Amino acid sequence: MLSELFADSDDEGASSGGRCRAIWVADQEFILGIAEDDSNDNKKSLFATYIWSGAIQLAKTLVAYRHCVENYSVLEFGAAAGLPSLMCTRLGAKTVCSSDYPSKSVIEVLKQNIVRNEVPYVSTQHHVVEHIWGEDPAPLLAPTGGCRYDVILAAECLWKHESHDSLVTSILNTIRPEGLRMEVTR
């Protein structure tokens, strides 16, 4: 299924060297670049070279529950291409922060995807922040003036078992006590 979305023969190159494809969620089209080199400092894959089914499902769920993000602050962990974050922007979230590991290619493609999918009539503030799970949350909280987020999103982030505690630490350090957490995984 992913090979149909990202066939090598006719990929349109994004300026970062990544692939670019149209993805439809509900009635909305997103043009998303995908990082080709997503390795971290240890040269291990961050699994950010695809748009995973969990991200697509989470974006669909957000459409069905738009009232959970409209006019709220939203933080996405492990954003990769940023599809759920971009959907939140289109659904009228007050502030959106897309975060991922500080891999230059992943962060650059994520920033390009935000620009590529801007909607002129939406006033959402959309930010990209590099973050290693479990580390200082202050940069993540900067877009909200130091306030914690109303909604936390994470799609397909449970693949690395040794990182679970660190992810939970980051979630607990960035979400309001009465906030909403949405996780989609396979």
# chains A, B, ... in the order shown; residues from 1 in each chain; ligands from 1

call {"tool": "select_by_dssp", "arguments": {"residues": "region 26-159 of chain A", "states": "strand (DSSP E)", "output": "VMD selection string"}}
result
chain A and resid 28 to 34 73 to 77 95 to 100 125 to 130 149 to 155

call {"tool": "select_by_dssp", "arguments": {"residues": "region 26-146 of chain A", "states": "helix (DSSP H, G or I)", "output": "PyMOL selection string"}}
result
chain A and resi 53-64+66-68+83-90+104-116+138-144

call {"tool": "residues_around", "arguments": {"residues": "Val109 (chain A)", "least_positions_apart": "2", "cutoff": "7 Å", "atoms": "only C-alpha atoms", "output": "PyMOL selection string"}}
result
chain A and resi 16+33-35+81+105-107+111-113

call {"tool": "closest_atom_pairs", "arguments": {"of": "region 10-128 of chain A", "to": "region 145-152 of chain A", "cutoff": "6 Å", "atoms": "only C-alpha atoms", "output": "tab-separated table"}}
result
residue	atom	partner	partner_atom	distance
A:Tyr72	CA	A:Asp150	CA	6.0
A:Ser73	CA	A:Asp150	CA	5.2
A:Val74	CA	A:Val151	CA	4.7
A:Leu75	CA	A:Ile152	CA	4.9
A:Glu76	CA	A:Ile152	CA	5.8

call {"tool": "closest_residue", "arguments": {"among": "A:Ala55, A:Val69, A:Ile171, A:Cys20", "to": "Thr95 (chain A)", "atoms": "only C-alpha atoms"}}
result
A:Val69

call {"tool": "atom_distance", "arguments": {"atom1": "CA of Gly54 (chain A)", "atom2": "CA of Trp24 (chain A)"}}
result
14.3 Å

call {"tool": "closest_residue", "arguments": {"among": "A:Ser170, A:Ser123, A:Thr49, A:Ser103", "to": "Ala154 (chain A)", "atoms": "only C-alpha atoms"}}
result
A:Ser170

call {"tool": "atom_distance", "arguments": {"atom1": "CA of Cys88 (chain A)", "atom2": "CA of Thr144 (chain A)"}}
result
15.5 Å

call {"tool": "closest_residue", "arguments": {"among": "A:Leu32, A:Val63, A:Ala138, A:Val129", "to": "Gly82 (chain A)", "atoms": "only C-alpha atoms"}}
result
A:Leu32

call {"tool": "atom_distance", "arguments": {"atom1": "CA of Arg176 (chain A)", "atom2": "CA of Pro102 (chain A)"}}
result
24.6 Å

call {"tool": "closest_residue", "arguments": {"among": "A:Leu141, A:Cys157, A:Val96, A:Tyr65", "to": "Trp52 (chain A)", "atoms": "only C-alpha atoms"}}
result
A:Cys157
